[in-house]
>>> print(open('start27.cif').read())   # mmCIF, C-alpha atoms
data_run
#
loop_
_atom_site.label_atom_id
_atom_site.label_comp_id
_atom_site.auth_asym_id
_atom_site.auth_seq_id
_atom_site.Cartn_x
_atom_site.Cartn_y
_atom_site.Cartn_z
CA MET A 1166 -84.16 -41.14 -112.41
CA LYS A 1167 -87.52 -39.75 -113.53
CA PHE A 1168 -88.31 -39.50 -117.23
CA ASP A 1169 -91.26 -39.26 -119.57
CA LEU A 1170 -90.81 -40.08 -123.26
CA HIS A 1171 -94.32 -39.52 -124.62
CA THR A 1172 -95.69 -35.97 -124.83
CA HIS A 1173 -97.76 -34.06 -127.39
CA HIS A 1174 -98.10 -30.38 -128.18
CA GLU A 1175 -100.20 -27.86 -130.05
CA ARG A 1176 -98.81 -28.73 -133.50
CA CYS A 1177 -100.79 -31.98 -133.68
CA GLY A 1178 -104.04 -30.08 -133.31
CA HIS A 1179 -105.51 -32.03 -130.39
CA ALA A 1180 -103.12 -31.17 -127.55
CA ASN A 1181 -102.72 -28.01 -125.50
CA GLY A 1182 -99.54 -26.07 -124.86
CA THR A 1183 -96.20 -25.39 -126.47
CA ILE A 1184 -93.19 -27.66 -126.36
CA GLU A 1185 -91.61 -25.35 -123.80
CA ASP A 1186 -94.72 -25.63 -121.60
CA TYR A 1187 -94.09 -29.39 -121.38
CA ILE A 1188 -90.43 -28.88 -120.52
CA ILE A 1189 -91.36 -26.46 -117.73
CA ALA A 1190 -93.97 -28.94 -116.48
CA ALA A 1191 -91.30 -31.64 -116.45
CA LEU A 1192 -89.03 -29.42 -114.35
CA ASP A 1193 -91.90 -28.75 -111.95
CA ALA A 1194 -92.46 -32.53 -111.68
CA ASP A 1195 -88.75 -33.07 -110.85
CA LEU A 1196 -88.03 -35.05 -114.01
CA GLN A 1197 -84.44 -35.39 -115.16
CA VAL A 1198 -85.39 -36.32 -118.74
CA ILE A 1199 -88.29 -35.16 -120.91
CA GLY A 1200 -88.99 -36.61 -124.33
CA ILE A 1201 -90.76 -34.53 -126.95
CA SER A 1202 -92.73 -36.86 -129.23
CA ASP A 1203 -95.54 -35.18 -131.10
CA HIS A 1204 -97.56 -37.03 -133.75
CA SER A 1205 -95.76 -37.39 -137.05
CA PRO A 1206 -97.14 -35.75 -140.17
CA TYR A 1207 -99.12 -38.07 -142.43
CA PHE A 1208 -96.38 -38.78 -144.95
CA GLY A 1209 -98.65 -41.12 -146.91
CA SER A 1210 -100.24 -38.14 -148.65
CA GLU A 1211 -98.84 -35.33 -150.77
CA GLN A 1212 -101.21 -32.94 -149.01
CA ASP A 1213 -99.63 -30.75 -146.37
CA GLN A 1214 -102.11 -31.64 -143.63
CA PRO A 1215 -104.77 -34.12 -144.78
CA PHE A 1216 -105.93 -34.77 -141.19
CA PRO A 1217 -106.02 -31.49 -139.22
CA GLY A 1218 -106.59 -32.11 -135.56
CA ILE A 1219 -104.88 -35.51 -135.72
CA ALA A 1220 -101.33 -34.94 -136.93
CA MET A 1221 -99.02 -32.03 -137.63
CA ALA A 1222 -98.60 -30.62 -141.13
CA ARG A 1223 -95.70 -31.79 -143.27
CA SER A 1224 -94.59 -28.16 -143.43
CA ASP A 1225 -94.31 -28.13 -139.61
CA PHE A 1226 -91.95 -31.10 -139.44
CA SER A 1227 -88.65 -29.23 -139.85
CA SER A 1228 -89.73 -26.39 -137.53
CA TYR A 1229 -90.69 -29.02 -134.92
CA VAL A 1230 -87.22 -30.59 -135.08
CA ASP A 1231 -85.53 -27.18 -134.99
CA GLU A 1232 -87.56 -26.05 -131.98
CA VAL A 1233 -86.80 -29.18 -129.95
CA LEU A 1234 -83.09 -28.89 -130.75
CA ARG A 1235 -83.11 -25.21 -129.74
CA LEU A 1236 -84.85 -26.00 -126.45
CA LYS A 1237 -82.50 -28.91 -125.86
CA GLU A 1238 -79.66 -26.38 -125.79
CA LYS A 1239 -81.61 -23.77 -123.82
CA TYR A 1240 -82.36 -26.18 -120.98
CA LYS A 1241 -79.04 -28.03 -121.01
CA GLY A 1242 -77.83 -28.51 -117.46
CA ARG A 1243 -81.34 -28.17 -116.04
CA ILE A 1244 -83.11 -31.06 -117.74
CA GLU A 1245 -82.25 -33.36 -120.62
CA VAL A 1246 -84.60 -32.72 -123.54
CA LEU A 1247 -84.86 -35.56 -126.04
CA LEU A 1248 -85.98 -35.28 -129.65
CA GLY A 1249 -88.54 -37.95 -130.39
CA MET A 1250 -91.68 -38.48 -132.43
CA GLU A 1251 -94.69 -40.74 -132.25
CA SER A 1252 -94.89 -42.17 -135.74
CA ASP A 1253 -97.90 -43.88 -137.22
CA PHE A 1254 -97.18 -47.24 -138.78
CA PHE A 1255 -98.82 -47.99 -142.11
CA PRO A 1256 -97.18 -50.95 -143.91
CA LYS A 1257 -97.88 -49.55 -147.38
CA HIS A 1258 -96.22 -46.22 -146.49
CA ALA A 1259 -93.40 -47.55 -144.30
CA GLU A 1260 -90.62 -46.71 -146.76
CA THR A 1261 -91.99 -43.19 -147.23
CA TYR A 1262 -91.88 -42.64 -143.49
CA ARG A 1263 -88.42 -44.18 -143.26
CA SER A 1264 -87.14 -41.76 -145.91
CA ALA A 1265 -88.73 -38.78 -144.15
CA TYR A 1266 -86.85 -39.63 -140.94
CA GLN A 1267 -83.50 -40.21 -142.64
CA GLY A 1268 -80.84 -37.87 -141.30
CA VAL A 1269 -83.01 -36.35 -138.55
CA PRO A 1270 -81.08 -36.39 -135.23
CA PHE A 1271 -83.77 -38.23 -133.29
CA ASP A 1272 -83.03 -39.61 -129.85
CA TYR A 1273 -85.83 -42.14 -130.35
CA LEU A 1274 -88.92 -42.93 -132.41
CA ILE A 1275 -92.14 -44.37 -131.01
CA GLY A 1276 -94.04 -46.57 -133.45
CA SER A 1277 -97.78 -46.72 -132.87
CA VAL A 1278 -100.63 -48.48 -134.63
CA HIS A 1279 -103.66 -46.20 -134.64
CA GLN A 1280 -105.68 -47.83 -137.42
CA VAL A 1281 -106.76 -51.39 -138.15
CA SER A 1282 -108.61 -52.16 -141.38
CA GLY A 1283 -108.64 -48.44 -142.10
CA VAL A 1284 -110.59 -47.62 -138.91
CA SER A 1285 -109.27 -45.85 -135.81
CA ILE A 1286 -108.51 -48.19 -132.94
CA PHE A 1287 -110.45 -45.74 -130.73
CA ASN A 1288 -113.64 -45.92 -132.79
CA ARG A 1289 -116.28 -47.50 -130.55
CA ASN A 1290 -118.50 -48.34 -133.50
CA ARG A 1291 -116.03 -50.75 -135.09
CA TRP A 1292 -117.14 -53.49 -132.71
CA LYS A 1293 -120.90 -53.19 -133.25
CA GLY A 1294 -122.52 -56.22 -134.82
CA LEU A 1295 -119.29 -58.22 -135.17
CA SER A 1296 -119.44 -61.96 -134.66
CA GLU A 1297 -117.07 -63.50 -132.14
CA GLU A 1298 -114.94 -64.79 -135.01
CA LYS A 1299 -114.61 -61.34 -136.59
CA THR A 1300 -113.97 -59.72 -133.21
CA ILE A 1301 -111.04 -62.09 -132.64
CA ALA A 1302 -109.82 -61.45 -136.19
CA GLU A 1303 -109.73 -57.68 -135.55
CA LYS A 1304 -107.59 -58.17 -132.45
CA VAL A 1305 -105.26 -60.56 -134.26
CA SER A 1306 -104.94 -58.02 -137.12
CA TYR A 1307 -103.99 -55.34 -134.60
CA TYR A 1308 -101.19 -57.45 -133.18
CA ASP A 1309 -100.04 -58.45 -136.65
CA LEU A 1310 -99.55 -54.76 -137.45
CA ILE A 1311 -97.62 -54.28 -134.21
CA GLN A 1312 -95.40 -57.21 -135.17
CA GLN A 1313 -94.79 -55.65 -138.58
CA SER A 1314 -93.87 -52.36 -136.93
CA ALA A 1315 -91.34 -54.18 -134.73
CA ARG A 1316 -89.82 -55.96 -137.71
CA SER A 1317 -89.56 -52.73 -139.71
CA GLY A 1318 -86.47 -51.62 -137.80
CA MET A 1319 -87.77 -48.05 -137.73
CA PHE A 1320 -88.61 -47.75 -134.05
CA ASP A 1321 -86.98 -47.80 -130.63
CA ILE A 1322 -90.25 -47.96 -128.69
CA LEU A 1323 -93.68 -49.35 -129.51
CA GLY A 1324 -96.52 -47.22 -128.19
CA HIS A 1325 -99.53 -48.34 -126.12
CA ILE A 1326 -99.68 -51.94 -127.39
CA ASP A 1327 -103.20 -52.64 -126.14
CA ALA A 1328 -104.68 -49.18 -126.67
CA MET A 1329 -107.52 -50.69 -128.69
CA LYS A 1330 -109.16 -51.22 -125.30
CA GLY A 1331 -109.29 -47.44 -124.69
CA TYR A 1332 -112.98 -47.04 -125.51
CA PHE A 1333 -113.76 -50.76 -125.55
CA PRO A 1334 -112.62 -52.30 -122.24
CA ALA A 1335 -113.90 -55.74 -123.33
CA PHE A 1336 -110.98 -55.81 -125.80
CA SER A 1337 -108.80 -57.34 -123.07
CA ASP A 1338 -111.15 -60.32 -122.82
CA ILE A 1339 -111.09 -61.18 -126.53
CA PRO A 1340 -109.19 -64.51 -126.71
CA ALA A 1341 -105.99 -63.87 -128.66
CA ASP A 1342 -103.23 -64.91 -126.28
CA GLU A 1343 -101.22 -66.60 -129.01
CA ALA A 1344 -101.16 -63.41 -131.08
CA ILE A 1345 -100.02 -61.38 -128.08
CA ASP A 1346 -97.28 -63.87 -127.16
CA ASP A 1347 -96.06 -64.00 -130.77
CA THR A 1348 -95.94 -60.20 -130.77
CA LEU A 1349 -93.94 -60.05 -127.54
CA ARG A 1350 -91.48 -62.62 -128.91
CA VAL A 1351 -90.95 -60.48 -132.02
CA ILE A 1352 -90.50 -57.32 -129.93
CA ALA A 1353 -87.93 -59.06 -127.72
CA LYS A 1354 -86.08 -60.47 -130.73
CA HIS A 1355 -85.70 -56.99 -132.21
CA ASP A 1356 -84.73 -55.43 -128.86
CA ILE A 1357 -87.46 -52.79 -128.90
CA ALA A 1358 -89.02 -51.40 -125.74
CA ILE A 1359 -92.72 -51.15 -125.01
CA GLU A 1360 -94.03 -48.21 -123.05
CA ILE A 1361 -96.15 -48.20 -119.97
CA ASN A 1362 -98.51 -45.46 -121.08
CA THR A 1363 -100.67 -43.86 -118.40
CA SER A 1364 -103.12 -42.12 -120.73
CA GLY A 1365 -105.63 -44.96 -120.40
CA SER A 1366 -106.79 -43.11 -117.30
CA THR A 1367 -108.20 -40.42 -119.63
CA LYS A 1368 -110.37 -42.92 -121.54
CA ASP A 1369 -113.21 -45.32 -120.74
CA VAL A 1370 -110.90 -48.19 -119.80
CA GLY A 1371 -109.04 -46.33 -117.05
CA GLY A 1372 -105.65 -47.60 -115.93
CA TRP A 1373 -102.62 -48.02 -118.15
CA TYR A 1374 -101.49 -49.56 -121.42
CA PRO A 1375 -100.58 -52.38 -121.47
CA SER A 1376 -102.41 -54.49 -118.91
CA ASP A 1377 -100.58 -56.20 -116.04
CA ALA A 1378 -101.18 -59.53 -117.78
CA ILE A 1379 -99.28 -58.35 -120.86
CA LEU A 1380 -96.52 -56.84 -118.72
CA GLU A 1381 -96.06 -60.14 -116.90
CA ARG A 1382 -95.68 -61.92 -120.24
CA ALA A 1383 -93.38 -59.18 -121.52
CA LEU A 1384 -91.09 -59.84 -118.56
CA HIS A 1385 -91.20 -63.56 -119.34
CA PHE A 1386 -90.13 -62.94 -122.93
CA GLY A 1387 -87.41 -60.43 -121.99
CA VAL A 1388 -89.04 -57.30 -123.40
CA ASN A 1389 -87.67 -53.96 -122.18
CA VAL A 1390 -90.07 -51.33 -120.88
CA THR A 1391 -90.10 -47.56 -120.71
CA PHE A 1392 -92.44 -44.84 -119.43
CA GLY A 1393 -94.68 -42.39 -121.27
CA SER A 1394 -97.56 -40.31 -119.96
CA ASP A 1395 -98.87 -39.58 -123.49
CA ALA A 1396 -99.62 -36.14 -122.10
CA HIS A 1397 -101.79 -33.91 -124.25
CA LYS A 1398 -101.71 -31.15 -121.66
CA PRO A 1399 -98.71 -30.06 -119.57
CA SER A 1400 -100.31 -30.99 -116.24
CA ARG A 1401 -100.11 -34.70 -117.16
CA VAL A 1402 -96.34 -34.80 -117.66
CA GLY A 1403 -94.91 -37.63 -115.55
CA ASP A 1404 -98.42 -38.67 -114.51
CA GLU A 1405 -98.35 -41.72 -112.20
CA PHE A 1406 -94.63 -42.32 -112.76
CA GLU A 1407 -94.02 -43.53 -109.20
CA LEU A 1408 -97.07 -45.81 -109.26
CA VAL A 1409 -95.83 -47.39 -112.48
CA ARG A 1410 -92.34 -47.87 -111.05
CA LYS A 1411 -93.80 -49.54 -107.96
CA ARG A 1412 -96.03 -51.85 -110.03
CA LEU A 1413 -93.18 -52.89 -112.33
CA LYS A 1414 -91.11 -53.88 -109.30
CA GLU A 1415 -94.04 -55.94 -107.98
CA ILE A 1416 -94.33 -57.71 -111.34
CA GLY A 1417 -90.62 -58.51 -111.22
CA PHE A 1418 -88.90 -55.96 -113.43
CA SER A 1419 -85.58 -54.62 -112.17
CA GLN A 1420 -84.90 -51.99 -114.84
CA TRP A 1421 -86.41 -49.87 -117.57
CA VAL A 1422 -84.92 -47.85 -120.40
CA PHE A 1423 -84.86 -44.54 -122.21
CA TYR A 1424 -83.03 -43.53 -125.39
CA ARG A 1425 -80.39 -41.00 -126.32
CA LYS A 1426 -79.19 -40.69 -129.93
CA ARG A 1427 -81.01 -43.95 -130.71
CA GLN A 1428 -78.99 -45.76 -128.05
CA GLN A 1429 -80.74 -47.61 -125.23
CA ILE A 1430 -79.93 -46.35 -121.73
CA ILE A 1431 -80.73 -48.78 -118.92
CA VAL A 1432 -82.06 -47.29 -115.68
CA PRO A 1433 -82.52 -49.34 -112.48
CA LEU A 1434 -86.06 -49.24 -111.11
#
>>> encode(input="start27.cif", output="structure tokens")
Amino acid sequence: MKFDLHTHHERCGHANGTIEDYIIAALDADLQVIGISDHSPYFGSEQDQPFPGIAMARSDFSSYVDEVLRLKEKYKGRIEVLLGMESDFFPKHAETYRSAYQGVPFDYLIGSVHQVSGVSIFNRNRWKGLSEEKTIAEKVSYYDLIQQSARSGMFDILGHIDAMKGYFPAFSDIPADEAIDDTLRVIAKHDIAIEINTSGSTKDVGGWYPSDAILERALHFGVNVTFGSDAHKPSRVGDEFELVRKRLKEIGFSQWVFYRKRQQIIVPL
């Protein structure tokens, strides 16, 4: 079975194409399941859209859900369309986000950490002039936030868990193995999946999130995995799916998962 649970669309302001464009691209790529998971509104502010070009407006949230549900019915029998969302995780706003999602018929939620110490994880300048001690502390803080997101109980999937390397490939070499292992233990304990996200190929680091080294340790700790292209244009839907499947088998995985109505569905590799 071919599936892709991580796609973005024009509502977020930095992706191209409509939701239906991504569904059609999924059909063209012979996927059986396509997950729609645009960036959540920023619920930590009363403003409708405090960050245009980063996240959808609060006023778009209900129309987003309605459109996915409508397309789910339209394409029934041709491809399974899943209602998801990539949600930012901010500890101080966690309950606000939880309330916003209450009662929404999601198939799954992806929890992603995009900021550490109030700075984007993709900001190259955050690393300039940092001592080795502070560099390690930033990486440990990142994984602490990921642990908190796992413990929150809000999410089915955790997104791109080493994406901080996107524009700083040396991130992978920062010594913080204990923090990573602790994070994987927490993820396994709470039965949350991590995604293999192929969008690293669009950034300086190349390759995927997370690294093979993290995937090997994830297997050791019993963490489930899933697939997401993190497509921001329809042509990337399902990108490198078969290569990821092959690599997971080489590492030793025998299955991966997707979600339907917040229930985990196991798929043999």
>>> closest_atom_pairs(input="start27.cif", of="region 1239-1349 of chain A", to="region 1383-1401 of chain A", cutoff="10 Å", atoms="only C-alpha atoms", output="CSV")
residue,atom,partner,partner_atom,distance
A:Glu1251,CA,A:Asp1395,CA,9.8
A:Ile1322,CA,A:Thr1391,CA,8.0
A:Leu1323,CA,A:Val1390,CA,9.6
A:Gly1324,CA,A:Gly1393,CA,8.6
A:His1325,CA,A:Gly1393,CA,9.1
A:Ile1345,CA,A:Ala1383,CA,9.6
A:Asp1346,CA,A:Ala1383,CA,8.3
A:Asp1347,CA,A:Phe1386,CA,9.9
A:Thr1348,CA,A:Ala1383,CA,9.7
A:Leu1349,CA,A:Ala1383,CA,6.1
>>> closest_residue(input="start27.cif", among="A:Phe1271, A:Glu1238, A:Ile1219, A:Asp1253", to="Ile1201 (chain A)", atoms="only C-alpha atoms")
A:Phe1271
>>> residues_around(input="start27.cif", residues="region 1187-1195 of chain A", least_positions_apart="6", cutoff="10 Å", atoms="all atoms listed in the file", output="count of residues only")
25
>>> atom_distance(input="start27.cif", atom1="CA of Lys1239 (chain A)", atom2="CA of Asp1272 (chain A)")
17.0 Å
>>> closest_residue(input="start27.cif", among="A:Ser1228, A:Gln1212, A:Gln1420, A:Thr1363", to="Ile1184 (chain A)", atoms="all atoms listed in the file")
A:Ser1228
>>> closest_atom_pairs(input="start27.cif", of="region 1315-1420 of chain A", to="region 1261-1267 of chain A", cutoff="12 Å", atoms="all atoms listed in the file", output="Markdown table")
| residue | atom | partner | partner_atom | distance |
| --- | --- | --- | --- | --- |
| A:Ser1317 | CA | A:Arg1263 | CA | 9.3 |
| A:Gly1318 | CA | A:Arg1263 | CA | 9.4 |
| A:Met1319 | CA | A:Arg1263 | CA | 6.8 |
| A:Phe1320 | CA | A:Arg1263 | CA | 9.9 |
>>> write_last_selection(input="start27.cif", atoms="C-alpha atoms", output="mmCIF file, keeping the file's coordinate frame")
data_model
loop_
_atom_site.group_PDB
_atom_site.id
_atom_site.type_symbol
_atom_site.label_atom_id
_atom_site.label_comp_id
_atom_site.auth_asym_id
_atom_site.auth_seq_id
_atom_site.Cartn_x
_atom_site.Cartn_y
_atom_site.Cartn_z
ATOM 1 C CA SER A 1317 -89.560 -52.730 -139.710
ATOM 2 C CA GLY A 1318 -86.470 -51.620 -137.800
ATOM 3 C CA MET A 1319 -87.770 -48.050 -137.730
ATOM 4 C CA PHE A 1320 -88.610 -47.750 -134.050
#
>>> atom_distance(input="start27.cif", atom1="CA of Ala1335 (chain A)", atom2="CA of Arg1316 (chain A)")
28.0 Å
>>> atom_distance(input="start27.cif", atom1="CA of Arg1410 (chain A)", atom2="CA of Gly1365 (chain A)")
16.5 Å
>>> closest_residue(input="start27.cif", among="A:His1179, A:His1258, A:Lys1354, A:Lys1330", to="Arg1291 (chain A)", atoms="all atoms listed in the file")
A:Lys1330
>>> resolve_selection(input="start27.cif", expression="the PyMOL selection byres ((chain A and resi 1285) around 12)", output="PyMOL selection string")
chain A and resi 1219+1253+1277-1284+1286-1292+1303+1307+1328-1332
>>> axis_aligned_box(input="start27.cif", around="region 1356-1362 of chain A", padding_each_side="6 Å", output="AutoDock Vina command-line options")
--center_x -91.6 --center_y -50.4 --center_z -124.4 --size_x 25.8 --size_y 22.0 --size_z 20.9
>>> resolve_selection(input="start27.cif", expression="the PyMOL selection byres ((chain A and resi 1256) around 8)", output="ChimeraX atom specification")
/A:1254-1255,1257-1259,1310,1313-1314
